[in-house]
Structures are given as structure tokens and as C-alpha cells.
Amino acid sequence: MAFESTAPQAYESKLYGELSGVYDLIFARFFYPRIAAVIRDLRIPPGAKVLELGVGTGLALRAYPRHCQVTGVDLAPDMLERAQERIARKGWRHIQLHEMDAMNLDLEDSSFDYVMAFHVVSVVPKVDRFMREAQRVCKANGKIVVINHFRSDKRVLATIDRKIEPITRRVGWHTLGREEVFHGLPLELCRVYKTSRRSLFTVVVARNAKSDESAVQVPPQLVTAAAGGSMGQIAAGPNRHEAPAH
Ligand SMILES: C[S@@+](CC[C@H](N)C(=O)[O-])C[C@H]1O[C@@H](n2cnc3c(N)ncnc32)[C@H](O)[C@@H]1O
């Protein structure tokens, strides 16, 4: 399947489109083992619905158990094309891909048990929008799993991060503090860990602490006024557009 570019392309995704040819050579060797260990640890149960944001060339896809349903989204058609080739080669029927901006997902509220973001939060231009969308489409008590490099608490490492920031920014990578990614959302950090002591990457497993009720609490008078008496439109996506439009 060929992916035509329909979404507006962030410069970051253009970069990844250009890199798609060499991407697997670099990432498969160094990043896949960590991703596989994290997914294994989650013990994803049969029938679970999993969303991977910024799925790229589909590096993580072989780590998901076949008994779950995986949706992968990315903004870069070249990356998705590689992921699609991988899926076709392996005959994976439990995985589907969509070209989509992770900061503006065309997906229903509360529709996934797991939302994964591997090496993506530093790449998107508005991490707050990205995380709001992740939280919105994740079910109450579902898990949001982020693997990323965060600014270190250690002074020396934090200084190195700051010094190399102008270079990493040029290739679309912003070094963020962990709090910048997770603040302001009803997320309970269940596990924050590294897969090895010296790893530069941190794994964060967060529980979506939104209440089911909050997603459907629309005062009856507003429903009537906004939907002309029809409940349908509002009930389908009450916090769908919570993300600030900036
Ligand atoms: C460093 S790669 C990580 C890919 C994959 N998660 C992995 O670990 O191999 C970042 C990916 O995020 C994608 N990306 C960047 N901005 C995006 C956006 N706004 N929406 C969806 N994907 C985006 C890029 O196209 C790229 O494939």
C-alpha cells in the first residue's frame, strides 16, 4: 500500500522521511532490544487495543503479541511505507497503520488500552498537545508508555544536554525534562525506570487517571443548545478538542 502525503508535514517528519532509508540500520540494533523488553514487561492481554504514536518504520511492531490489535500512526509517509512493507512481509493481520498527526488524532476518545510513544516526544513541536491527545484516546485506567531521553537530574549530564541542544534541535530533537512531558494531565506515573543502569533512555509507564464520568459529563441544557436536542454529536467526543489550538 502506498501512503500519499495528505497531512500537513511538520519539518520533523520531513526529516524522518528523508532518514527512513538508514533509520533501521541505526535504530534496530540499539533501540529495538529496549522496546522489546518494555513491551514484554507490560504483559499485554489478549484483545487489548494498542496505539503506537510515531510508529516510524515499524521497528517495535514485531514485539507486540499477535493476540492484541495494534494501530500505528505517523506523519511521515516514507516511514509508514517501510512499516507497511514489514507488515506485508510478516503477514501481520493484527496491525494497521494510518498517516496521521499525533497532535491532532482522528481517533475516538477512550478507545485504546495502551498508548505507546517510543522516541517521539522530543520530536513533536508541541509536546503538550501530543500528550493531551495520547491521554484523550487512552481509556480510563489505560496505560501510556513513553520511552525517551529526558534531561538528566545530574548536573554534569544536564550541562552536556544543554550544550548539545543547539545541535540536536537542528535535527528536530528537543531535550525535555520529564516534568515538561507529564505535567498538567491526570496521569499517575506507575513506573519510571531504565532498562540498564547506564542507559540514556527512561521508560515511563503512566496510568490514565481520568474518570469515565468526566468524559461524558455534559450538562443537559448544553447538549440541547449545542446539538439541537441531539445527544449524538457531543457524546461521541466530549473532550476530543481539549487540546489548545496553538
Ligand atoms: C525518532 S522516530 C521514532 C520511531 C519509532 N517510534 C521508533 O522508536 O523507532 C520519530 C517518529 O515520529 C514521527 N513524527 C514526528 N512528528 C510526528 C507527528 N506530529 N505525528 C506523528 N508522527 C510524528 C516521525 O515521522 C518519526 O517516524
# chains A, B, ... in the order shown; residues from 1 in each chain; ligands from 1

$ residues_around --residues "Asp74 in chain A" --least-positions-apart "2" --cutoff "7 Å" --atoms "only C-alpha atoms" --output "PyMOL selection string"
chain A and resi 53-56+72+76+80+98-101

$ select_by_dssp --residues "range 109-228 of chain A" --states "alpha helix (DSSP H)" --output "ChimeraX atom specification"
/A:127-137,155-170,178-182,220-227

$ closest_atom_pairs --of "chain A" --to "ligand 1" --cutoff "8 Å" --atoms "only C-alpha atoms and all ligand atoms" --output "Markdown table"
| residue | atom | partner | partner_atom_place_in_ligand_line | distance |
| --- | --- | --- | --- | --- |
| A:Gln9 | CA | ligand 1 | 19 (N) | 7.9 |
| A:Ala10 | CA | ligand 1 | 16 (N) | 6.3 |
| A:Glu12 | CA | ligand 1 | 15 (C) | 5.4 |
| A:Ser13 | CA | ligand 1 | 25 (O) | 3.9 |
| A:Lys14 | CA | ligand 1 | 25 (O) | 7.0 |
| A:Leu15 | CA | ligand 1 | 25 (O) | 7.5 |
| A:Tyr16 | CA | ligand 1 | 25 (O) | 4.9 |
| A:Gly17 | CA | ligand 1 | 25 (O) | 6.4 |
| A:Ser20 | CA | ligand 1 | 27 (O) | 7.9 |
| A:Tyr23 | CA | ligand 1 | 9 (O) | 7.9 |
| A:Asp24 | CA | ligand 1 | 9 (O) | 7.7 |
| A:Phe27 | CA | ligand 1 | 9 (O) | 6.2 |
| A:Ala28 | CA | ligand 1 | 9 (O) | 7.6 |
| A:Phe31 | CA | ligand 1 | 8 (O) | 6.9 |
| A:Tyr32 | CA | ligand 1 | 9 (O) | 7.6 |
| A:Ile35 | CA | ligand 1 | 8 (O) | 7.6 |
| A:Glu52 | CA | ligand 1 | 6 (N) | 7.5 |
| A:Leu53 | CA | ligand 1 | 21 (C) | 6.1 |
| A:Gly54 | CA | ligand 1 | 22 (N) | 3.8 |
| A:Val55 | CA | ligand 1 | 6 (N) | 4.4 |
| A:Gly56 | CA | ligand 1 | 27 (O) | 3.3 |
| A:Thr57 | CA | ligand 1 | 9 (O) | 6.5 |
| A:Gly58 | CA | ligand 1 | 9 (O) | 6.6 |
| A:Leu59 | CA | ligand 1 | 9 (O) | 5.0 |
| A:Ala60 | CA | ligand 1 | 9 (O) | 6.5 |
| A:Val73 | CA | ligand 1 | 21 (C) | 6.1 |
| A:Asp74 | CA | ligand 1 | 22 (N) | 3.7 |
| A:Leu75 | CA | ligand 1 | 21 (C) | 4.2 |
| A:Ala76 | CA | ligand 1 | 25 (O) | 4.3 |
| A:Pro77 | CA | ligand 1 | 25 (O) | 7.9 |
| A:Met79 | CA | ligand 1 | 27 (O) | 5.8 |
| A:Leu80 | CA | ligand 1 | 27 (O) | 7.7 |
| A:Glu99 | CA | ligand 1 | 21 (C) | 7.7 |
| A:Met100 | CA | ligand 1 | 21 (C) | 5.9 |
| A:Asp101 | CA | ligand 1 | 20 (N) | 3.7 |
| A:Ala102 | CA | ligand 1 | 20 (N) | 3.7 |
| A:Met103 | CA | ligand 1 | 19 (N) | 5.5 |
| A:Asn104 | CA | ligand 1 | 19 (N) | 8.0 |
| A:Ala117 | CA | ligand 1 | 6 (N) | 6.3 |
| A:Phe118 | CA | ligand 1 | 6 (N) | 4.3 |
| A:His119 | CA | ligand 1 | 3 (C) | 4.8 |
| A:Val120 | CA | ligand 1 | 10 (C) | 4.6 |
| A:Val123 | CA | ligand 1 | 15 (C) | 5.5 |
| A:Val124 | CA | ligand 1 | 16 (N) | 4.6 |
| A:Pro125 | CA | ligand 1 | 19 (N) | 7.3 |
| A:Phe130 | CA | ligand 1 | 19 (N) | 7.6 |

$ select_by_dssp --residues "range 25-125 of chain A" --states "strand (DSSP E or B)" --output "short mmCIF file (atom, residue, chain, number, x, y, z; two decimals) with N, CA and C atoms, in the first residue's frame"
data_model
loop_
_atom_site.label_atom_id
_atom_site.label_comp_id
_atom_site.auth_asym_id
_atom_site.auth_seq_id
_atom_site.Cartn_x
_atom_site.Cartn_y
_atom_site.Cartn_z
N LYS A 49 -6.37 -3.24 22.91
CA LYS A 49 -6.18 -2.33 21.78
C LYS A 49 -5.00 -1.41 22.08
N VAL A 50 -4.04 -1.43 21.17
CA VAL A 50 -2.79 -0.70 21.37
C VAL A 50 -2.63 0.35 20.28
N LEU A 51 -2.26 1.56 20.67
CA LEU A 51 -1.96 2.61 19.69
C LEU A 51 -0.49 2.98 19.83
N GLU A 52 0.24 2.94 18.71
CA GLU A 52 1.62 3.43 18.76
C GLU A 52 1.72 4.73 17.98
N LEU A 53 2.09 5.79 18.69
CA LEU A 53 2.21 7.12 18.07
C LEU A 53 3.63 7.29 17.53
N GLN A 69 -4.59 -5.97 19.23
CA GLN A 69 -4.82 -5.22 17.98
C GLN A 69 -4.02 -3.94 18.03
N VAL A 70 -3.16 -3.75 17.05
CA VAL A 70 -2.25 -2.60 17.09
C VAL A 70 -2.59 -1.62 15.97
N THR A 71 -2.67 -0.34 16.34
CA THR A 71 -2.82 0.74 15.36
C THR A 71 -1.57 1.59 15.45
N GLY A 72 -0.92 1.80 14.31
CA GLY A 72 0.28 2.64 14.31
C GLY A 72 0.00 3.90 13.50
N VAL A 73 0.41 5.06 14.02
CA VAL A 73 0.24 6.29 13.24
C VAL A 73 1.57 7.03 13.14
N ASP A 74 1.74 7.72 12.04
CA ASP A 74 2.94 8.53 11.83
C ASP A 74 2.61 9.58 10.78
N ILE A 95 -2.19 -5.72 12.82
CA ILE A 95 -1.62 -4.36 12.85
C ILE A 95 -2.14 -3.54 11.67
N GLN A 96 -2.59 -2.33 11.95
CA GLN A 96 -2.96 -1.41 10.86
C GLN A 96 -2.27 -0.07 11.07
N LEU A 97 -2.04 0.62 9.96
CA LEU A 97 -1.31 1.89 10.01
C LEU A 97 -2.14 3.02 9.42
N HIS A 98 -1.91 4.22 9.94
CA HIS A 98 -2.58 5.40 9.38
C HIS A 98 -1.60 6.56 9.34
N GLU A 99 -1.66 7.32 8.27
CA GLU A 99 -0.89 8.56 8.24
C GLU A 99 -1.70 9.60 9.00
N PHE A 112 -8.34 3.21 23.39
CA PHE A 112 -7.18 2.30 23.45
C PHE A 112 -6.83 1.95 24.89
N ASP A 113 -6.40 0.70 25.06
CA ASP A 113 -5.95 0.25 26.38
C ASP A 113 -4.51 0.68 26.65
N TYR A 114 -3.73 0.77 25.58
CA TYR A 114 -2.32 1.19 25.70
C TYR A 114 -2.03 2.22 24.62
N VAL A 115 -1.34 3.28 25.00
CA VAL A 115 -0.85 4.25 24.01
C VAL A 115 0.67 4.34 24.19
N MET A 116 1.37 4.00 23.12
CA MET A 116 2.85 3.95 23.18
C MET A 116 3.46 5.15 22.47
N ALA A 117 4.53 5.68 23.02
CA ALA A 117 5.27 6.76 22.36
C ALA A 117 6.76 6.49 22.57
N PHE A 118 7.36 5.86 21.58
CA PHE A 118 8.77 5.50 21.70
C PHE A 118 9.62 6.48 20.89
#
